[in-house]
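Colleague: Below you'll find coords37.cif; it's mmCIF, C-alpha atoms and all ligand atoms.
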data_entry
#
loop_
_atom_site.label_atom_id
_atom_site.label_comp_id
_atom_site.auth_asym_id
_atom_site.auth_seq_id
_atom_site.Cartn_x
_atom_site.Cartn_y
_atom_site.Cartn_z
CA MET A 1 -13.23 13.82 34.56
CA GLY A 2 -13.09 16.01 37.64
CA GLN A 3 -12.78 19.23 35.65
CA PRO A 4 -15.62 21.70 36.05
CA VAL A 5 -16.32 23.61 32.81
CA HIS A 6 -18.80 26.39 32.12
CA ARG A 7 -19.96 24.77 28.90
CA PRO A 8 -18.89 21.31 27.80
CA PHE A 9 -17.97 22.56 24.33
CA GLY A 10 -14.62 23.10 22.68
CA ILE A 11 -12.14 22.57 19.87
CA PRO A 12 -10.53 19.13 19.41
CA ALA A 13 -6.92 18.33 18.57
CA GLY A 14 -5.80 20.07 15.40
CA PRO A 15 -6.66 23.71 14.87
CA LEU A 16 -5.08 24.90 18.15
CA VAL A 17 -1.42 24.56 17.22
CA ASN A 18 0.09 26.65 20.02
CA ALA A 19 -0.69 28.60 23.19
CA SER A 20 -1.82 31.68 21.26
CA PHE A 21 -4.48 29.67 19.44
CA CYS A 22 -5.57 28.00 22.70
CA ALA A 23 -5.82 31.39 24.45
CA ALA A 24 -7.87 32.76 21.55
CA ALA A 25 -10.23 29.76 21.74
CA PHE A 26 -10.74 30.30 25.47
CA THR A 27 -11.43 33.99 24.86
CA GLN A 28 -14.09 33.02 22.31
CA TYR A 29 -15.90 30.81 24.86
CA PHE A 30 -14.63 27.45 23.67
CA ASP A 31 -14.27 26.18 27.23
CA ILE A 32 -12.36 23.00 26.35
CA ALA A 33 -9.29 23.47 24.18
CA VAL A 34 -7.22 20.53 22.99
CA TYR A 35 -3.59 21.40 22.25
CA LYS A 36 -2.68 19.83 18.89
CA THR A 37 -1.11 16.37 19.18
CA VAL A 38 2.55 16.41 20.22
CA ARG A 39 5.33 13.84 20.05
CA THR A 40 8.48 13.04 22.02
CA ALA A 41 10.74 14.47 19.30
CA ALA A 42 10.52 16.99 16.48
CA HIS A 43 8.63 15.57 13.50
CA ALA A 44 8.27 17.32 10.13
CA SER A 45 4.90 18.13 8.60
CA HIS A 46 3.80 16.71 5.25
CA PRO A 47 4.54 19.19 2.47
CA PHE A 48 2.07 21.92 1.53
CA PRO A 49 -0.82 21.84 0.79
CA ASN A 50 -2.26 20.31 3.95
CA CYS A 51 -5.89 21.40 3.89
CA LEU A 52 -8.07 21.23 0.78
CA ALA A 53 -11.81 21.73 0.38
CA VAL A 54 -13.51 18.57 -0.91
CA ARG A 55 -16.61 17.94 -3.03
CA VAL A 56 -19.02 15.59 -1.33
CA ASN A 57 -22.43 14.30 -2.26
CA GLY A 58 -23.96 14.06 1.16
CA PRO A 59 -22.62 12.19 4.19
CA LEU A 60 -19.58 9.93 3.88
CA ASP A 61 -20.02 6.22 4.49
CA PRO A 62 -17.16 5.46 6.92
CA ASP A 63 -17.14 1.79 5.91
CA ARG A 64 -16.35 2.60 2.27
CA LEU A 65 -13.26 4.27 0.85
CA ASP A 66 -14.76 6.98 -1.36
CA THR A 67 -12.88 8.89 -4.02
CA LEU A 68 -13.43 12.60 -3.61
CA CYS A 69 -12.37 15.54 -5.73
CA ALA A 70 -10.45 18.00 -3.59
CA ASP A 71 -11.10 21.05 -5.74
CA ALA A 72 -14.15 22.52 -4.02
CA ASP A 73 -14.58 26.24 -3.50
CA VAL A 74 -12.81 27.10 -0.25
CA ASP A 75 -15.26 29.89 0.51
CA THR A 76 -18.33 27.69 0.49
CA ALA A 77 -17.11 24.13 1.24
CA ARG A 78 -18.17 22.62 4.55
CA SER A 79 -16.02 19.53 4.36
CA ILE A 80 -12.24 19.50 4.04
CA THR A 81 -9.34 17.13 4.08
CA ASN A 82 -6.46 17.70 6.43
CA SER A 83 -3.14 15.99 5.88
CA PHE A 84 -0.36 17.15 8.16
CA GLY A 85 1.20 13.85 9.30
CA VAL A 86 1.02 14.95 12.96
CA PRO A 87 4.04 17.25 12.99
CA SER A 88 5.57 18.18 16.31
CA ARG A 89 8.12 20.56 17.65
CA ASP A 90 10.80 19.32 20.00
CA PRO A 91 9.53 18.88 23.60
CA ASP A 92 11.88 21.68 24.72
CA ALA A 93 9.76 24.02 22.62
CA TRP A 94 6.26 22.58 23.00
CA GLN A 95 6.43 21.89 26.75
CA ARG A 96 6.97 25.59 27.52
CA ASP A 97 4.23 26.52 25.09
CA MET A 98 1.76 23.91 26.40
CA ALA A 99 2.38 25.22 29.93
CA ALA A 100 1.40 28.70 28.67
CA ALA A 101 -1.75 27.21 27.09
CA VAL A 102 -2.67 25.58 30.43
CA ARG A 103 -2.28 28.98 32.13
CA ALA A 104 -4.51 30.62 29.52
CA ALA A 105 -7.55 28.69 30.75
CA ALA A 106 -9.81 30.78 32.99
CA PRO A 107 -11.79 29.14 35.81
CA GLY A 108 -14.36 26.88 34.21
CA GLN A 109 -12.12 26.15 31.22
CA VAL A 110 -9.73 23.29 30.64
CA LEU A 111 -6.74 22.58 28.43
CA VAL A 112 -6.37 19.02 27.19
CA GLY A 113 -2.91 17.82 26.12
CA SER A 114 -3.07 15.53 23.07
CA PHE A 115 -0.13 13.26 22.35
CA GLN A 116 0.81 10.18 20.38
CA GLY A 117 3.62 7.69 20.24
CA THR A 118 6.02 7.35 17.32
CA ARG A 119 7.09 4.05 15.79
CA THR A 120 10.86 3.97 15.48
CA GLY A 121 11.20 0.45 14.12
CA THR A 122 12.80 -0.77 17.32
CA GLY A 123 9.92 -2.93 18.46
CA GLU A 124 6.77 -2.84 20.51
CA ASP A 125 8.42 -2.12 23.87
CA ALA A 126 9.98 1.06 22.47
CA TYR A 127 6.63 2.10 20.98
CA VAL A 128 4.89 1.64 24.35
CA ALA A 129 7.68 3.55 26.09
CA ASP A 130 7.39 6.41 23.61
CA HIS A 131 3.69 6.82 24.49
CA VAL A 132 4.56 6.85 28.18
CA ARG A 133 7.27 9.45 27.60
CA ALA A 134 4.91 11.69 25.55
CA ALA A 135 2.20 11.48 28.23
CA THR A 136 4.71 12.24 30.98
CA LEU A 137 6.01 15.28 29.10
CA CYS A 138 2.42 16.61 28.82
CA VAL A 139 1.88 16.10 32.55
CA GLU A 140 5.16 17.92 33.26
CA ALA A 141 3.82 20.79 31.17
CA GLY A 142 0.80 20.91 33.47
CA ALA A 143 -1.92 19.42 31.25
CA PRO A 144 -4.77 18.50 33.63
CA VAL A 145 -6.34 16.06 31.12
CA LEU A 146 -4.60 13.92 28.50
CA GLU A 147 -5.83 12.59 25.18
CA MET A 148 -3.97 9.80 23.41
CA ASN A 149 -4.41 9.93 19.64
CA LEU A 150 -4.89 6.39 18.35
CA SER A 151 -6.50 7.31 15.09
CA CYS A 152 -4.49 9.45 12.71
CA PRO A 153 -5.34 8.36 9.15
CA ASN A 154 -2.53 10.45 7.70
CA GLU A 155 0.02 8.06 9.14
CA GLY A 156 -1.23 5.15 7.01
CA THR A 157 -4.87 4.10 7.11
CA GLY A 158 -4.28 0.36 6.98
CA ASN A 159 -3.36 -0.12 10.58
CA LEU A 160 -4.69 2.57 12.87
CA LEU A 161 -3.53 1.89 16.39
CA CYS A 162 -7.11 1.98 17.73
CA PHE A 163 -7.87 -1.21 15.79
CA ASP A 164 -5.19 -3.14 17.69
CA THR A 165 -7.04 -3.67 20.96
CA ALA A 166 -4.34 -5.69 22.71
CA LEU A 167 -1.63 -3.13 21.98
CA VAL A 168 -3.85 -0.20 22.98
CA ALA A 169 -4.69 -1.88 26.30
CA ARG A 170 -0.99 -2.45 26.92
CA ILE A 171 -0.06 1.15 26.08
CA ALA A 172 -2.99 2.64 28.03
CA ALA A 173 -2.09 0.64 31.12
CA ALA A 174 1.54 1.75 30.91
CA VAL A 175 0.53 5.39 30.42
CA LYS A 176 -1.96 5.33 33.31
CA GLU A 177 0.65 3.74 35.54
CA ALA A 178 2.99 6.64 34.72
CA VAL A 179 0.53 9.54 34.95
CA GLY A 180 -1.41 8.41 37.99
CA ASP A 181 -4.61 10.38 38.59
CA VAL A 182 -4.38 12.57 35.50
CA PRO A 183 -7.43 11.59 33.41
CA LEU A 184 -6.75 9.93 30.08
CA LEU A 185 -9.02 10.00 27.01
CA LEU A 186 -8.55 7.73 24.00
CA LYS A 187 -9.19 9.39 20.62
CA VAL A 188 -10.63 6.79 18.27
CA ALA A 189 -11.65 6.43 14.65
CA HIS A 190 -14.93 4.98 13.38
CA PHE A 191 -15.13 1.23 14.06
CA ARG A 192 -16.69 -0.92 11.37
CA THR A 193 -18.19 -3.67 13.54
CA ASP A 194 -19.87 -3.66 16.94
CA GLU A 195 -17.88 -6.76 17.79
CA ALA A 196 -14.54 -4.97 17.39
CA LEU A 197 -15.82 -1.87 19.18
CA THR A 198 -17.17 -3.89 22.11
CA GLU A 199 -13.90 -5.77 22.44
CA PHE A 200 -11.98 -2.48 22.40
CA LEU A 201 -14.20 -0.79 24.98
CA ALA A 202 -14.30 -3.81 27.29
CA ALA A 203 -10.50 -4.04 27.21
CA THR A 204 -9.85 -0.37 27.92
CA ALA A 205 -12.77 1.09 29.94
CA THR A 206 -11.38 -0.02 33.27
CA ILE A 207 -8.01 1.54 32.45
CA VAL A 208 -8.84 4.92 30.92
CA ASP A 209 -11.23 7.72 31.84
CA GLY A 210 -13.02 8.28 28.58
CA TYR A 211 -13.17 8.33 24.79
CA ALA A 212 -13.22 11.02 22.12
CA ALA A 213 -14.90 9.93 18.90
CA ILE A 214 -14.25 10.36 16.04
CA ASN A 215 -11.15 11.37 14.14
CA THR A 216 -11.37 12.04 10.40
CA VAL A 217 -12.87 9.58 7.89
CA PRO A 218 -10.41 8.39 5.24
CA ALA A 219 -11.05 8.98 1.52
CA ARG A 220 -9.04 8.79 -1.69
CA LEU A 221 -8.40 12.38 -2.74
CA VAL A 222 -7.99 13.35 -6.37
CA ASP A 223 -7.76 16.56 -8.38
CA ALA A 224 -9.97 17.43 -11.35
CA SER A 225 -7.81 15.25 -13.64
CA GLY A 226 -8.12 12.22 -11.36
CA ALA A 227 -4.51 12.44 -10.15
CA PRO A 228 -3.74 12.34 -6.40
CA ALA A 229 -4.62 15.73 -4.94
CA LEU A 230 -1.84 15.78 -2.35
CA PRO A 231 1.84 15.56 -3.29
CA GLY A 232 4.11 12.82 -1.98
CA ALA A 233 4.01 9.08 -1.39
CA GLY A 234 1.46 7.72 1.07
CA ARG A 235 -0.84 10.71 0.77
CA GLU A 236 -3.28 9.28 -1.77
CA VAL A 237 -5.68 8.70 1.11
CA GLY A 238 -6.36 11.49 3.57
CA GLY A 239 -8.71 12.25 6.42
CA VAL A 240 -11.97 14.08 5.71
CA CYS A 241 -13.69 16.16 8.35
CA GLY A 242 -16.52 18.64 8.62
CA GLU A 243 -20.18 18.38 7.65
CA ALA A 244 -19.88 15.13 5.64
CA ILE A 245 -18.83 13.09 8.68
CA LEU A 246 -21.58 14.10 11.10
CA PRO A 247 -23.66 10.89 10.69
CA ALA A 248 -20.55 8.71 11.06
CA ALA A 249 -19.57 10.57 14.24
CA LEU A 250 -23.07 10.41 15.71
CA GLY A 251 -23.24 6.70 14.94
CA MET A 252 -20.04 6.03 16.89
CA VAL A 253 -21.09 8.23 19.81
CA ARG A 254 -24.42 6.39 19.99
CA ARG A 255 -22.73 2.98 19.92
CA ILE A 256 -20.22 3.90 22.64
CA ALA A 257 -22.98 5.46 24.78
CA ARG A 258 -25.12 2.32 24.37
CA TRP A 259 -22.23 0.10 25.38
CA ARG A 260 -21.43 2.36 28.35
CA ALA A 261 -25.00 2.19 29.61
CA GLY A 262 -25.14 -1.58 29.21
CA ALA A 263 -21.81 -2.17 30.89
CA GLY A 264 -22.34 0.46 33.58
CA ALA A 265 -18.89 1.78 32.73
CA ASP A 266 -17.64 4.99 34.32
CA VAL A 267 -16.14 6.65 31.27
CA ALA A 268 -16.64 10.10 29.76
CA LEU A 269 -17.60 10.50 26.12
CA VAL A 270 -16.54 13.41 23.93
CA GLY A 271 -18.48 13.78 20.67
CA VAL A 272 -16.35 15.03 17.77
CA GLY A 273 -17.11 15.17 14.06
CA GLY A 274 -19.22 17.27 11.74
CA VAL A 275 -20.31 19.87 14.29
CA MET A 276 -21.06 22.96 12.22
CA ASN A 277 -23.82 24.61 14.26
CA VAL A 278 -25.79 24.37 17.48
CA GLU A 279 -28.18 21.74 16.11
CA ASP A 280 -25.20 19.45 15.53
CA VAL A 281 -24.07 20.02 19.12
CA ALA A 282 -27.54 19.04 20.32
CA ALA A 283 -27.43 15.91 18.12
CA HIS A 284 -24.14 14.83 19.72
CA VAL A 285 -25.58 15.44 23.20
CA ALA A 286 -28.70 13.45 22.29
CA ALA A 287 -26.45 10.64 21.03
CA GLY A 288 -24.84 10.45 24.46
CA ALA A 289 -21.86 12.84 24.43
CA ASP A 290 -20.89 14.47 27.73
CA ALA A 291 -18.90 17.13 25.88
CA VAL A 292 -18.87 18.18 22.23
CA MET A 293 -16.15 19.64 20.02
CA SER A 294 -15.86 21.23 16.59
CA ALA A 295 -12.69 21.49 14.50
CA THR A 296 -13.72 22.21 10.90
CA GLY A 297 -16.84 24.15 11.92
CA ALA A 298 -14.82 26.34 14.26
CA MET A 299 -12.18 26.91 11.58
CA ILE A 300 -14.80 27.92 9.01
CA ASP A 301 -16.67 30.26 11.32
CA PRO A 302 -15.08 30.91 14.72
CA GLN A 303 -17.20 34.03 15.14
CA ALA A 304 -20.37 31.95 15.19
CA ARG A 305 -19.32 30.74 18.62
CA PRO A 306 -20.76 33.55 20.84
CA ALA A 307 -24.16 33.20 19.17
CA CYS A 308 -23.91 29.44 19.75
CA ARG A 309 -23.12 30.02 23.39
CA VAL A 310 -26.55 30.90 24.68
CA ARG A 311 -28.29 28.23 22.67
CA VAL A 312 -25.85 25.47 23.63
CA VAL A 313 -26.59 26.12 27.26
CA ALA A 314 -30.29 25.94 26.57
CA SER A 315 -30.00 22.67 24.67
CA LEU A 316 -28.23 20.68 27.37
CA THR A 317 -29.95 18.49 29.88
CA PRO A 318 -29.89 19.50 33.57
CA ASP A 319 -26.75 19.09 35.58
CA THR A 320 -26.24 15.46 36.50
CA PRO A 321 -23.26 14.93 38.79
CA ARG A 322 -21.77 11.48 38.40
CA THR A 323 -19.69 9.80 41.02
CA GLY A 324 -16.96 7.59 39.72
CA THR A 325 -14.47 5.16 41.12
CA LYS A 326 -11.63 6.70 39.18
CA GLY A 327 -11.85 10.28 40.34
CA PRO A 328 -13.78 12.95 42.15
CA GLU A 329 -17.36 13.81 41.35
CA LEU A 330 -17.85 14.43 37.65
CA ARG A 331 -19.62 17.59 36.59
CA HIS A 332 -19.47 17.73 32.82
CA ARG A 333 -22.62 19.72 32.61
CA GLN A 334 -21.94 22.27 35.28
CA ILE A 335 -23.31 25.43 33.71
C1 LIG B 401 -6.49 21.00 10.67
C2 LIG B 401 -6.79 19.77 11.47
C3 LIG B 401 -5.76 19.13 12.15
C4 LIG B 401 -6.03 18.00 12.92
N1 LIG B 401 -5.03 17.44 13.66
C5 LIG B 401 -5.33 16.46 14.57
C6 LIG B 401 -4.34 16.00 15.49
O1 LIG B 401 -3.20 16.46 15.50
N2 LIG B 401 -4.71 15.02 16.36
C7 LIG B 401 -5.98 14.49 16.41
O2 LIG B 401 -6.26 13.62 17.25
N3 LIG B 401 -6.93 14.92 15.53
C8 LIG B 401 -6.64 15.89 14.64
N4 LIG B 401 -7.62 16.37 13.80
C9 LIG B 401 -8.96 15.72 13.81
C10 LIG B 401 -9.95 16.51 14.67
O3 LIG B 401 -9.57 16.52 16.03
C11 LIG B 401 -11.37 15.90 14.57
O4 LIG B 401 -11.36 14.59 15.11
C12 LIG B 401 -11.87 15.81 13.14
O5 LIG B 401 -11.48 16.94 12.40
C13 LIG B 401 -13.40 15.70 13.10
O6 LIG B 401 -14.01 16.85 13.63
P1 LIG B 401 -14.63 18.01 12.68
O7 LIG B 401 -15.59 17.35 11.75
O8 LIG B 401 -15.26 18.96 13.64
O9 LIG B 401 -13.49 18.64 11.94
C14 LIG B 401 -7.36 17.48 12.99
C15 LIG B 401 -8.38 18.13 12.28
C16 LIG B 401 -8.12 19.26 11.53
C17 LIG B 401 -9.25 19.94 10.80
#
Kindly present the structure from the file in structure tokens form.
Modeller:
Amino acid sequence: MGQPVHRPFGIPAGPLVNASFCAAAFTQYFDIAVYKTVRTAAHASHPFPNCLAVRVNGPLDPDRLDTLCADADVDTARSITNSFGVPSRDPDAWQRDMAAAVRAAAPGQVLVGSFQGTRTGTGEDAYVADHVRAATLCVEAGAPVLEMNLSCPNEGTGNLLCFDTALVARIAAAVKEAVGDVPLLLKVAHFRTDEALTEFLAATATIVDGYAAINTVPARLVDASGAPALPGAGREVGGVCGEAILPAALGMVRRIARWRAGAGADVALVGVGGVMNVEDVAAHVAAGADAVMSATGAMIDPQARPACRVRVVASLTPDTPRTGTKGPELRHRQI
């Protein structure tokens, strides 16, 4: 995407909630830091608790809505649920802070601004315009790369925006029109069928610059008594992330990479989901990811990162510059 990075490894939208967190991530050699998703107006968080450790019996099947007990031991669990509802500060506050996060990146590091639109009940045009406004605010703050979150399960799992191909194509086109050359990634959830995924990719790949896959996998979360684990209406189902979603994430990365190769599409691919150690990074790279990110793994053990550093470099394939029609020479793997 025209951004040289030392190592194509980082932390996706979520854990880095402000410039201090982003600066800390850069200091710890996470060379791509995604500033947690922002909105065009202040938006309250779901009530506490927001992160619970979950019991899982192996990998989650993303095509099935499992019921999981969210009472696992926080010290040993490797899968969690996060349920924040994508809170945001007012742009007056987050724009200044995002600008500081952009400045915290050293040469060879990049800050990605994640944003999403908010439905206000005033129709589709207003929803499209809200995405455009959010993207424009991120560009004003200096974000050199944008990521549009289409896949938050904590906003209601029934109708994730990424499953509405026509609307996404309309929004993406409007956003690209507004932001010009600033690269735009689409953050997607796991798609059930190849047919739907192919339709989505074919409709958007000529508009945007890449994809980040995947967001969390939804599950019904209960406590030891079987009651909903998270308080408040609409929170019975939450997003699960961490170790249990690695196969689901790799599956999506593989499918997108296969489609990209077949279509000859010039789009970047960021592998996200279940990355807990360097072997998982290598698995994402083998599946076709140009860059890899870890949220839960980095939260559980941020100090593991420097040890990872040397081995990540060793595990990547040689530098392969790509020339694209939508930007300057791409050097994801410039090491
Ligand atoms: C605490 C937390 C907050 C998150 N918030 C966001 C968010 O605001 N926007 C977004 O696109 N994804 C968000 N995510 C999802 C992550 O970016 C990522 O897609 C998901 O956690 C899978 O990666 P992992 O298995 O490495 O955790 C969040 C994840 C966590 C753990």
Colleague: To check your reading of the model: which residues sit at most 6 Å from ligand LIG 401 (chain B) when counting all atoms listed in the file? Write the answer as a PyMOL selection string.
Modeller: chain A and resi 12-15+36-37+82+86+149+214-216+241-242+272-275+294-297
Colleague: With distances taken over all atoms listed in the file, which residue among A:Leu65, A:Ala224, A:Met293, A:Met98 lies nearest Asn277 (chain A)?
Modeller: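 Looking at the shortest contact to Asn277 (chain A), the residue is A:Met293.
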Colleague: For the point (-20.5, 5.1, 21.2) in the file's frame, write as a PyMOL selection string all residues with an atom no more than 9 Å away, counting all atoms listed in the file.
Modeller: chain A and resi 197+211+213+249-260+269+271+287-289
Colleague: So the first atom is CA of Gly234 (chain A) and the second is CA of Thr40 (chain A); what is the distance between them in Å, to one decimal place?
Modeller: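 Atom-to-atom, CA of Gly234 (chain A) and CA of Thr40 (chain A) are spaced 22.7 Å apart.
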Colleague: Please provide the set of residues having any atom within 12 Å of Met276 (chain A), restricted to all atoms listed in the file, with same-chain residues fewer than 4 positions apart removed, written as a CSV table (one decimal) with C-alpha atoms, in the coordinates of the input.
Modeller:
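Now in result_19.csv:
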chain,number,residue,atom,x,y,z
A,11,ILE,CA,-12.1,22.6,19.9
A,77,ALA,CA,-17.1,24.1,1.2
A,78,ARG,CA,-18.2,22.6,4.6
A,79,SER,CA,-16.0,19.5,4.4
A,241,CYS,CA,-13.7,16.2,8.4
A,242,GLY,CA,-16.5,18.6,8.6
A,243,GLU,CA,-20.2,18.4,7.6
A,244,ALA,CA,-19.9,15.1,5.6
A,245,ILE,CA,-18.8,13.1,8.7
A,246,LEU,CA,-21.6,14.1,11.1
A,272,VAL,CA,-16.4,15.0,17.8
A,280,ASP,CA,-25.2,19.4,15.5
A,281,VAL,CA,-24.1,20.0,19.1
A,282,ALA,CA,-27.5,19.0,20.3
A,283,ALA,CA,-27.4,15.9,18.1
A,284,HIS,CA,-24.1,14.8,19.7
A,292,VAL,CA,-18.9,18.2,22.2
A,293,MET,CA,-16.2,19.6,20.0
A,294,SER,CA,-15.9,21.2,16.6
A,295,ALA,CA,-12.7,21.5,14.5
A,296,THR,CA,-13.7,22.2,10.9
A,297,GLY,CA,-16.8,24.2,11.9
A,298,ALA,CA,-14.8,26.3,14.3
A,299,MET,CA,-12.2,26.9,11.6
A,300,ILE,CA,-14.8,27.9,9.0
A,301,ASP,CA,-16.7,30.3,11.3
A,302,PRO,CA,-15.1,30.9,14.7
A,304,ALA,CA,-20.4,32.0,15.2
A,305,ARG,CA,-19.3,30.7,18.6
A,308,CYS,CA,-23.9,29.4,19.8
Colleague: Kindly indicate which residue among A:Ala129, A:Val240, A:Val208, A:Leu184 lies nearest to Leu68 (chain A), using all atoms listed in the file for the distances.
Modeller: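 Among the listed residues, the smallest separation from Leu68 (chain A) belongs to A:Val240.
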Colleague: Find the spatial neighbours of Leu16 (chain A), counting all atoms listed in the file, within a cut-off of 8 Å - ignore same-chain residues fewer than 3 positions away - and output them as a list in words.
Modeller: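 Once the adjacent positions are removed, what remains is Ile11, Ala13, Ala19, Phe21, Cys22, Ala25, Ala33, Val34, Tyr35 and Lys36 of chain A.
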Colleague: Just write the chosen residues, C-alpha atoms, as a JSON list (two decimals), in the coordinates of the input.
Modeller:
[["chain", "number", "residue", "atom", "x", "y", "z"],
["A", 11, "ILE", "CA", -12.14, 22.57, 19.87],
["A", 13, "ALA", "CA", -6.92, 18.33, 18.57],
["A", 19, "ALA", "CA", -0.69, 28.60, 23.19],
["A", 21, "PHE", "CA", -4.48, 29.67, 19.44],
["A", 22, "CYS", "CA", -5.57, 28.00, 22.70],
["A", 25, "ALA", "CA", -10.23, 29.76, 21.74],
["A", 33, "ALA", "CA", -9.29, 23.47, 24.18],
["A", 34, "VAL", "CA", -7.22, 20.53, 22.99],
["A", 35, "TYR", "CA", -3.59, 21.40, 22.25],
["A", 36, "LYS", "CA", -2.68, 19.83, 18.89]]
Colleague: Choose the residue, out of A:Ala169, A:Ala248, A:Ile32, A:Val132, that has the smallest atom-to-atom separation from Ala104 (chain A); count only C-alpha atoms.
Modeller: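 Looking at the shortest contact to Ala104 (chain A), the residue is A:Ile32.
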Colleague: For CA of Asp164 (chain A) and CA of Phe200 (chain A), quote the distance in Å rounded to one decimal.
Modeller: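 So the two atoms, CA of Asp164 (chain A) and CA of Phe200 (chain A), lie 8.3 Å apart.
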Colleague: So, with all atoms listed in the file as the atoms that count, which of A:Val74, A:Ala101, A:Cys162, A:Val237 lies closest to Ala189 (chain A)?
Modeller: A:Cys162
